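Source file: model.cif (mmCIF, N, CA and C atoms)
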data_start
loop_
_atom_site.label_atom_id
_atom_site.label_comp_id
_atom_site.auth_asym_id
_atom_site.auth_seq_id
_atom_site.Cartn_x
_atom_site.Cartn_y
_atom_site.Cartn_z
N MET R 1 4.93 -13.59 3.77
CA MET R 1 3.98 -13.86 2.71
C MET R 1 3.34 -15.23 2.88
N GLU R 2 4.12 -16.18 3.35
CA GLU R 2 3.57 -17.52 3.53
C GLU R 2 2.44 -17.51 4.55
N GLU R 3 2.61 -16.72 5.60
CA GLU R 3 1.58 -16.62 6.64
C GLU R 3 0.31 -15.98 6.09
N ALA R 4 0.48 -14.93 5.28
CA ALA R 4 -0.68 -14.26 4.68
C ALA R 4 -1.40 -15.19 3.71
N ASP R 5 -0.63 -15.93 2.91
CA ASP R 5 -1.20 -16.88 1.96
C ASP R 5 -2.00 -17.95 2.70
N ALA R 6 -1.41 -18.51 3.75
CA ALA R 6 -2.09 -19.56 4.52
C ALA R 6 -3.37 -19.01 5.16
N PHE R 7 -3.31 -17.79 5.69
CA PHE R 7 -4.49 -17.20 6.32
C PHE R 7 -5.59 -16.98 5.28
N ALA R 8 -5.23 -16.40 4.13
CA ALA R 8 -6.25 -16.15 3.08
C ALA R 8 -6.91 -17.44 2.65
N LYS R 9 -6.13 -18.48 2.48
CA LYS R 9 -6.71 -19.76 2.05
C LYS R 9 -7.53 -20.42 3.16
N SER R 10 -7.15 -20.18 4.42
CA SER R 10 -7.89 -20.78 5.53
C SER R 10 -9.28 -20.17 5.68
N ILE R 11 -9.46 -18.93 5.30
CA ILE R 11 -10.78 -18.30 5.46
C ILE R 11 -11.58 -18.25 4.16
N THR R 12 -11.01 -18.83 3.07
CA THR R 12 -11.72 -18.84 1.79
C THR R 12 -11.88 -20.26 1.25
N ASP R 13 -11.86 -21.23 2.14
CA ASP R 13 -11.97 -22.63 1.73
C ASP R 13 -10.95 -23.00 0.66
N GLY R 14 -9.73 -22.46 0.81
CA GLY R 14 -8.64 -22.80 -0.09
C GLY R 14 -8.60 -22.03 -1.39
N GLN R 15 -9.55 -21.10 -1.59
CA GLN R 15 -9.63 -20.38 -2.86
C GLN R 15 -8.56 -19.30 -3.00
N GLY R 16 -8.20 -18.62 -1.92
CA GLY R 16 -7.23 -17.53 -1.97
C GLY R 16 -7.92 -16.18 -1.93
N ALA R 17 -7.10 -15.16 -1.83
CA ALA R 17 -7.60 -13.78 -1.68
C ALA R 17 -8.14 -13.24 -3.00
N ASP R 18 -9.08 -12.31 -2.90
CA ASP R 18 -9.57 -11.61 -4.09
C ASP R 18 -8.46 -10.76 -4.69
N LYS R 19 -7.73 -10.07 -3.80
CA LYS R 19 -6.66 -9.18 -4.23
C LYS R 19 -5.47 -9.31 -3.29
N ALA R 20 -4.30 -9.11 -3.84
CA ALA R 20 -3.08 -9.03 -3.05
C ALA R 20 -2.40 -7.72 -3.46
N ILE R 21 -2.10 -6.88 -2.49
CA ILE R 21 -1.48 -5.58 -2.78
C ILE R 21 -0.02 -5.66 -2.36
N VAL R 22 0.86 -5.47 -3.31
CA VAL R 22 2.30 -5.54 -3.07
C VAL R 22 2.80 -4.12 -2.79
N THR R 23 3.14 -3.87 -1.52
CA THR R 23 3.54 -2.53 -1.11
C THR R 23 4.94 -2.51 -0.52
N VAL R 24 5.74 -3.52 -0.79
CA VAL R 24 7.08 -3.58 -0.22
C VAL R 24 7.94 -2.46 -0.78
N GLY R 25 9.01 -2.15 -0.06
CA GLY R 25 9.90 -1.07 -0.49
C GLY R 25 10.54 -1.32 -1.84
N VAL R 26 11.01 -2.53 -2.08
CA VAL R 26 11.62 -2.90 -3.35
C VAL R 26 10.96 -4.19 -3.83
N VAL R 27 10.31 -4.12 -4.97
CA VAL R 27 9.60 -5.28 -5.52
C VAL R 27 10.60 -6.25 -6.13
N THR R 28 10.43 -7.52 -5.78
CA THR R 28 11.26 -8.58 -6.36
C THR R 28 10.36 -9.62 -7.01
N SER R 29 10.95 -10.46 -7.81
CA SER R 29 10.20 -11.52 -8.47
C SER R 29 9.53 -12.45 -7.45
N ASP R 30 10.24 -12.77 -6.37
CA ASP R 30 9.68 -13.66 -5.34
C ASP R 30 8.42 -13.07 -4.72
N VAL R 31 8.45 -11.78 -4.44
CA VAL R 31 7.30 -11.12 -3.80
C VAL R 31 6.08 -11.18 -4.72
N VAL R 32 6.27 -10.85 -5.98
CA VAL R 32 5.14 -10.85 -6.93
C VAL R 32 4.63 -12.27 -7.15
N THR R 33 5.53 -13.23 -7.27
CA THR R 33 5.12 -14.62 -7.45
C THR R 33 4.33 -15.12 -6.25
N ASN R 34 4.78 -14.79 -5.05
CA ASN R 34 4.05 -15.20 -3.85
C ASN R 34 2.67 -14.56 -3.80
N ALA R 35 2.57 -13.30 -4.17
CA ALA R 35 1.27 -12.63 -4.20
C ALA R 35 0.37 -13.29 -5.24
N PHE R 36 0.92 -13.61 -6.40
CA PHE R 36 0.17 -14.26 -7.47
C PHE R 36 -0.38 -15.61 -7.01
N ASN R 37 0.44 -16.34 -6.26
CA ASN R 37 0.01 -17.65 -5.77
C ASN R 37 -1.03 -17.55 -4.66
N ALA R 38 -1.12 -16.40 -4.01
CA ALA R 38 -2.05 -16.23 -2.89
C ALA R 38 -3.45 -15.81 -3.33
N ILE R 39 -3.61 -15.41 -4.60
CA ILE R 39 -4.93 -14.95 -5.04
C ILE R 39 -5.72 -16.08 -5.69
N ARG R 40 -7.02 -15.90 -5.68
CA ARG R 40 -7.96 -16.89 -6.22
C ARG R 40 -8.05 -16.79 -7.74
N LYS R 41 -8.81 -17.69 -8.34
CA LYS R 41 -9.12 -17.59 -9.76
C LYS R 41 -9.81 -16.25 -10.00
N GLY R 42 -9.35 -15.52 -10.99
CA GLY R 42 -9.93 -14.22 -11.30
C GLY R 42 -9.44 -13.11 -10.38
N GLY R 43 -8.51 -13.43 -9.48
CA GLY R 43 -7.99 -12.44 -8.54
C GLY R 43 -7.01 -11.48 -9.19
N THR R 44 -6.65 -10.46 -8.42
CA THR R 44 -5.77 -9.41 -8.93
C THR R 44 -4.62 -9.15 -7.97
N VAL R 45 -3.43 -9.05 -8.52
CA VAL R 45 -2.27 -8.58 -7.76
C VAL R 45 -2.06 -7.12 -8.15
N VAL R 46 -2.07 -6.23 -7.17
CA VAL R 46 -1.83 -4.81 -7.41
C VAL R 46 -0.43 -4.49 -6.89
N VAL R 47 0.43 -4.03 -7.77
CA VAL R 47 1.81 -3.71 -7.41
C VAL R 47 1.93 -2.20 -7.27
N THR R 48 2.21 -1.75 -6.03
CA THR R 48 2.39 -0.32 -5.78
C THR R 48 3.84 0.02 -5.48
N GLY R 49 4.62 -0.98 -5.08
CA GLY R 49 6.03 -0.75 -4.79
C GLY R 49 6.82 -0.60 -6.08
N LEU R 50 8.01 -0.04 -5.95
CA LEU R 50 8.86 0.15 -7.12
C LEU R 50 9.95 -0.91 -7.15
N ALA R 51 10.53 -1.07 -8.31
CA ALA R 51 11.59 -2.05 -8.50
C ALA R 51 12.73 -1.42 -9.29
N ASP R 52 13.82 -2.11 -9.33
CA ASP R 52 14.95 -1.68 -10.14
C ASP R 52 14.50 -1.69 -11.60
N PRO R 53 14.53 -0.55 -12.28
CA PRO R 53 14.03 -0.51 -13.66
C PRO R 53 14.88 -1.29 -14.65
N THR R 54 16.07 -1.72 -14.23
CA THR R 54 16.93 -2.48 -15.13
C THR R 54 16.74 -3.99 -14.98
N LYS R 55 15.85 -4.41 -14.06
CA LYS R 55 15.65 -5.84 -13.82
C LYS R 55 14.21 -6.23 -14.09
N ASN R 56 14.02 -7.45 -14.58
CA ASN R 56 12.69 -8.02 -14.71
C ASN R 56 12.28 -8.55 -13.34
N THR R 57 11.18 -8.06 -12.81
CA THR R 57 10.77 -8.46 -11.46
C THR R 57 9.43 -9.18 -11.44
N ILE R 58 8.93 -9.54 -12.60
CA ILE R 58 7.70 -10.32 -12.64
C ILE R 58 7.94 -11.54 -13.53
N GLU R 59 7.95 -12.70 -12.91
CA GLU R 59 8.10 -13.96 -13.61
C GLU R 59 7.00 -14.88 -13.10
N LEU R 60 6.05 -15.19 -13.97
CA LEU R 60 4.89 -15.98 -13.56
C LEU R 60 4.65 -17.12 -14.53
N PRO R 61 4.03 -18.19 -14.04
CA PRO R 61 3.65 -19.27 -14.96
C PRO R 61 2.50 -18.81 -15.85
N GLY R 62 2.78 -18.67 -17.15
CA GLY R 62 1.78 -18.18 -18.09
C GLY R 62 0.52 -19.03 -18.13
N ALA R 63 0.68 -20.35 -17.96
CA ALA R 63 -0.49 -21.24 -17.99
C ALA R 63 -1.46 -20.89 -16.87
N LEU R 64 -0.94 -20.63 -15.66
CA LEU R 64 -1.82 -20.28 -14.54
C LEU R 64 -2.45 -18.91 -14.74
N LEU R 65 -1.71 -18.00 -15.35
CA LEU R 65 -2.25 -16.68 -15.64
C LEU R 65 -3.48 -16.81 -16.53
N THR R 66 -3.37 -17.65 -17.56
CA THR R 66 -4.47 -17.85 -18.49
C THR R 66 -5.58 -18.73 -17.92
N LEU R 67 -5.21 -19.89 -17.40
CA LEU R 67 -6.22 -20.85 -16.92
C LEU R 67 -7.05 -20.30 -15.76
N PHE R 68 -6.42 -19.53 -14.90
CA PHE R 68 -7.13 -19.01 -13.73
C PHE R 68 -7.53 -17.54 -13.87
N GLU R 69 -7.27 -16.97 -15.04
CA GLU R 69 -7.68 -15.60 -15.36
C GLU R 69 -7.28 -14.60 -14.28
N LYS R 70 -6.05 -14.74 -13.80
CA LYS R 70 -5.54 -13.82 -12.79
C LYS R 70 -5.02 -12.57 -13.49
N ARG R 71 -4.96 -11.46 -12.72
CA ARG R 71 -4.51 -10.18 -13.27
C ARG R 71 -3.38 -9.59 -12.43
N ILE R 72 -2.47 -8.89 -13.11
CA ILE R 72 -1.42 -8.11 -12.47
C ILE R 72 -1.69 -6.66 -12.85
N GLN R 73 -1.78 -5.79 -11.84
CA GLN R 73 -2.11 -4.38 -12.09
C GLN R 73 -1.12 -3.50 -11.35
N GLY R 74 -0.55 -2.54 -12.04
CA GLY R 74 0.28 -1.55 -11.39
C GLY R 74 -0.57 -0.39 -10.90
N SER R 75 -0.10 0.29 -9.86
CA SER R 75 -0.84 1.44 -9.35
C SER R 75 0.15 2.45 -8.77
N LEU R 76 0.09 3.67 -9.25
CA LEU R 76 0.94 4.75 -8.75
C LEU R 76 0.06 5.75 -8.01
N PHE R 77 0.34 5.96 -6.75
CA PHE R 77 -0.43 6.89 -5.91
C PHE R 77 -1.93 6.59 -5.94
N GLY R 78 -2.25 5.30 -5.91
CA GLY R 78 -3.65 4.90 -5.89
C GLY R 78 -4.36 5.12 -7.20
N SER R 79 -3.61 5.32 -8.27
CA SER R 79 -4.16 5.57 -9.61
C SER R 79 -5.08 6.78 -9.63
N GLY R 80 -4.81 7.71 -8.74
CA GLY R 80 -5.63 8.92 -8.67
C GLY R 80 -5.13 10.01 -9.59
N ASP R 81 -5.93 11.04 -9.70
CA ASP R 81 -5.59 12.24 -10.45
C ASP R 81 -5.38 13.35 -9.44
N PRO R 82 -4.12 13.67 -9.11
CA PRO R 82 -3.86 14.65 -8.05
C PRO R 82 -4.47 16.03 -8.32
N PHE R 83 -4.60 16.42 -9.58
CA PHE R 83 -5.18 17.73 -9.89
C PHE R 83 -6.66 17.79 -9.52
N HIS R 84 -7.32 16.66 -9.54
CA HIS R 84 -8.73 16.59 -9.16
C HIS R 84 -8.88 16.14 -7.71
N ASP R 85 -8.14 15.10 -7.34
CA ASP R 85 -8.35 14.44 -6.05
C ASP R 85 -7.89 15.26 -4.85
N ILE R 86 -6.74 15.93 -4.95
CA ILE R 86 -6.24 16.68 -3.79
C ILE R 86 -7.16 17.86 -3.45
N PRO R 87 -7.58 18.69 -4.41
CA PRO R 87 -8.53 19.75 -4.04
C PRO R 87 -9.84 19.18 -3.45
N ARG R 88 -10.29 18.06 -3.97
CA ARG R 88 -11.51 17.43 -3.45
C ARG R 88 -11.31 16.96 -2.02
N MET R 89 -10.15 16.36 -1.73
CA MET R 89 -9.87 15.91 -0.36
C MET R 89 -9.76 17.09 0.59
N VAL R 90 -9.19 18.20 0.13
CA VAL R 90 -9.11 19.40 0.97
C VAL R 90 -10.51 19.89 1.29
N GLU R 91 -11.39 19.92 0.29
CA GLU R 91 -12.78 20.32 0.52
C GLU R 91 -13.47 19.40 1.53
N LEU R 92 -13.28 18.10 1.38
CA LEU R 92 -13.89 17.14 2.30
C LEU R 92 -13.35 17.32 3.72
N TYR R 93 -12.04 17.58 3.85
CA TYR R 93 -11.44 17.80 5.16
C TYR R 93 -12.00 19.09 5.78
N GLN R 94 -12.05 20.15 5.01
CA GLN R 94 -12.53 21.43 5.53
C GLN R 94 -14.00 21.37 5.93
N SER R 95 -14.78 20.54 5.26
CA SER R 95 -16.20 20.41 5.60
C SER R 95 -16.44 19.45 6.76
N GLY R 96 -15.38 18.75 7.18
CA GLY R 96 -15.52 17.79 8.27
C GLY R 96 -15.92 16.40 7.83
N ASP R 97 -16.03 16.18 6.51
CA ASP R 97 -16.43 14.87 6.00
C ASP R 97 -15.27 13.90 5.83
N LEU R 98 -14.04 14.41 5.85
CA LEU R 98 -12.85 13.56 5.78
C LEU R 98 -12.10 13.74 7.09
N LYS R 99 -12.12 12.71 7.90
CA LYS R 99 -11.55 12.77 9.25
C LYS R 99 -10.08 12.41 9.20
N LEU R 100 -9.21 13.40 9.11
CA LEU R 100 -7.77 13.15 9.08
C LEU R 100 -7.14 13.32 10.46
N ASP R 101 -7.62 14.29 11.22
CA ASP R 101 -7.02 14.57 12.53
C ASP R 101 -7.06 13.34 13.43
N GLU R 102 -8.10 12.54 13.30
CA GLU R 102 -8.23 11.35 14.12
C GLU R 102 -7.22 10.27 13.78
N LEU R 103 -6.59 10.37 12.63
CA LEU R 103 -5.59 9.39 12.21
C LEU R 103 -4.19 9.68 12.76
N ILE R 104 -3.99 10.89 13.25
CA ILE R 104 -2.66 11.29 13.74
C ILE R 104 -2.43 10.68 15.12
N THR R 105 -1.30 9.97 15.25
CA THR R 105 -0.97 9.35 16.53
C THR R 105 0.02 10.19 17.32
N SER R 106 0.84 10.99 16.64
CA SER R 106 1.83 11.83 17.32
C SER R 106 2.14 13.03 16.45
N THR R 107 2.46 14.14 17.10
CA THR R 107 2.94 15.32 16.37
C THR R 107 4.34 15.65 16.86
N TYR R 108 5.13 16.22 15.95
CA TYR R 108 6.52 16.55 16.24
C TYR R 108 6.82 17.92 15.67
N THR R 109 7.74 18.62 16.32
CA THR R 109 8.26 19.86 15.74
C THR R 109 9.38 19.48 14.79
N LEU R 110 9.83 20.45 14.01
CA LEU R 110 10.86 20.17 13.03
C LEU R 110 12.14 19.65 13.68
N ASP R 111 12.47 20.15 14.86
CA ASP R 111 13.69 19.68 15.52
C ASP R 111 13.51 18.31 16.18
N GLN R 112 12.30 17.73 16.12
CA GLN R 112 12.04 16.40 16.67
C GLN R 112 11.91 15.33 15.58
N VAL R 113 12.36 15.65 14.37
CA VAL R 113 12.23 14.73 13.23
C VAL R 113 12.86 13.37 13.55
N ASN R 114 14.08 13.37 14.07
CA ASN R 114 14.75 12.11 14.36
C ASN R 114 13.98 11.29 15.39
N GLN R 115 13.40 11.95 16.38
CA GLN R 115 12.59 11.23 17.37
C GLN R 115 11.35 10.62 16.71
N GLY R 116 10.76 11.34 15.77
CA GLY R 116 9.61 10.82 15.04
C GLY R 116 9.94 9.55 14.27
N TYR R 117 11.09 9.55 13.60
CA TYR R 117 11.52 8.34 12.89
C TYR R 117 11.80 7.20 13.86
N GLN R 118 12.43 7.51 14.98
CA GLN R 118 12.72 6.47 15.96
C GLN R 118 11.44 5.88 16.53
N ASP R 119 10.46 6.76 16.83
CA ASP R 119 9.16 6.28 17.33
C ASP R 119 8.48 5.38 16.30
N LEU R 120 8.61 5.73 15.02
CA LEU R 120 8.04 4.91 13.96
C LEU R 120 8.70 3.53 13.95
N LEU R 121 10.02 3.50 14.02
CA LEU R 121 10.74 2.23 14.02
C LEU R 121 10.44 1.40 15.26
N ASP R 122 10.19 2.07 16.39
CA ASP R 122 9.89 1.38 17.64
C ASP R 122 8.43 0.96 17.76
N GLY R 123 7.61 1.31 16.78
CA GLY R 123 6.19 0.94 16.80
C GLY R 123 5.35 1.81 17.72
N LYS R 124 5.86 2.96 18.13
CA LYS R 124 5.11 3.87 19.02
C LYS R 124 4.26 4.84 18.23
N ASN R 125 4.48 4.91 16.95
CA ASN R 125 3.87 5.95 16.13
C ASN R 125 3.44 5.33 14.81
N ILE R 126 2.18 5.49 14.48
CA ILE R 126 1.70 4.97 13.19
C ILE R 126 1.61 6.10 12.18
N ARG R 127 1.01 7.20 12.58
CA ARG R 127 0.87 8.36 11.71
C ARG R 127 1.41 9.59 12.43
N GLY R 128 2.68 9.82 12.30
CA GLY R 128 3.30 11.00 12.88
C GLY R 128 3.26 12.16 11.91
N VAL R 129 3.06 13.35 12.45
CA VAL R 129 2.99 14.55 11.62
C VAL R 129 3.98 15.57 12.17
N ILE R 130 4.74 16.16 11.26
CA ILE R 130 5.65 17.24 11.64
C ILE R 130 4.89 18.54 11.48
N VAL R 131 4.80 19.30 12.56
CA VAL R 131 4.09 20.57 12.56
C VAL R 131 5.13 21.67 12.42
N HIS R 132 5.02 22.43 11.35
CA HIS R 132 5.96 23.52 11.10
C HIS R 132 5.30 24.83 11.47
N ASP R 133 5.85 25.50 12.44
CA ASP R 133 5.32 26.80 12.87
C ASP R 133 6.13 27.88 12.17
N SER R 134 5.49 28.61 11.29
CA SER R 134 6.19 29.62 10.49
C SER R 134 6.29 30.96 11.21
N ALA R 135 5.80 31.03 12.41
CA ALA R 135 5.83 32.31 13.13
C ALA R 135 7.21 32.64 13.64
#
Let me see whether you can do it: turn the structure in this file into structure tokens.
Amino acid sequence: MEEADAFAKSITDGQGADKAIVTVGVVTSDVVTNAFNAIRKGGTVVVTGLADPTKNTIELPGALLTLFEKRIQGSLFGSGDPFHDIPRMVELYQSGDLKLDELITSTYTLDQVNQGYQDLLDGKNIRGVIVHDSA
């Protein structure tokens, strides 16, 4: 996070990023605070990762929240409406307007699942797809 913060400030004359998206596996107070510190005045932190529901994971200086008009926003599945969005994405894919096939880096059969995970961990695979042949 320190590297991302320094980079954002280096290319914005010290102002910080417009938005910081928190996508870590488990959200902690440190992660959210670091993201909050990396955004500019009027910036937004979007939290998509989940946290332990029994713990408070957002602790911020209230004065900076108010003085710099920063925002914290939660987002689940991109804040989309799956009943509307998924059929629309299927239509776009079928018409050729949504290019998904080009995003696939590797395909695996069901018995190659473990290899797919290993390739992901080894950095050989960004978007692996398991192809299930029902025949």
Next item on the list: Could you expand the PyMOL selection byres ((chain R and resi 92-104) around 7) into the explicit residues it covers here, written as an MDAnalysis selection string?
Entry: chainID R and resid 87:91 105:107 126:129
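Using all atoms listed in the file for every distance, the candidate list R:Gln73, R:Thr28, R:Gln118, R:Thr66 yields R:Thr28 as the residue closest to R:Ala51.
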Check: What is the distance, in Å and to one decimal place, between atom CA of R:Asp13 and atom CA of R:Ser29?
Finding: 26.8 Å
Checklist line | atom CA of R:Val24 to atom CA of R:Gln115, straight-line distance in Å | finding: 23.6 Å
Checklist line | Residue neighbourhood R:Met1, 8 Å, only N, CA and C atoms, exclusion window fewer than 6 positions, as a list of chain:residue names | finding: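 In the requested form, the answer reads R:Phe7, R:Val31, R:Asn34, R:Ala35, R:Ala38.
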Check: Between atom CA of R:Leu67 and atom CA of R:Arg40, what is the distance, to one decimal in Å?
Finding: 11.5 Å
Note to self: Please expand the PyMOL selection byres (((chain R and resi 15 and name CA) around 8) and name CA) into the concrete residues it hits in this file, giving the result as number ranges by chain.
What the structure shows: R: 9, 12-14, 16-17, 39-41
Note to self: Please expand the PyMOL selection byres ((chain R and resi 74) around 8) into the concrete residues it hits in this file, giving the result as an NGL selection string.
What the structure shows: :R and (45-49 or 71-73 or 75-79)
Item checked: R:Ile130, R:Asp81, R:Asp111, R:Asn37 ranked by distance to R:Asp5, top pick (using only N, CA and C atoms) ->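 Ranked by minimum distance to R:Asp5, first place goes to R:Asn37.
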Item checked: DSSP-assigned strand (DSSP E or B) members of stretch 5-88 of chain R, reported as a ChimeraX atom specification -> /R:17-22,26,39-47,50,71-74
Notebook entry, point to check: Looking only at the backbone, which of the residues in chain R does DSSP tag as alpha helix (DSSP H), as number ranges by chain?
Noted result: R: 2-10, 29-38, 62-67, 82-95, 113-121
Checklist line | stretch 58-63 of chain R environment, 8 Å, only N, CA and C atoms, sequence neighbours closer than 6 positions dropped, as a list in words | finding: Val27, Thr28, Ser29, Asp30, Val32, Thr33, Phe36 and Glu69 of chain R
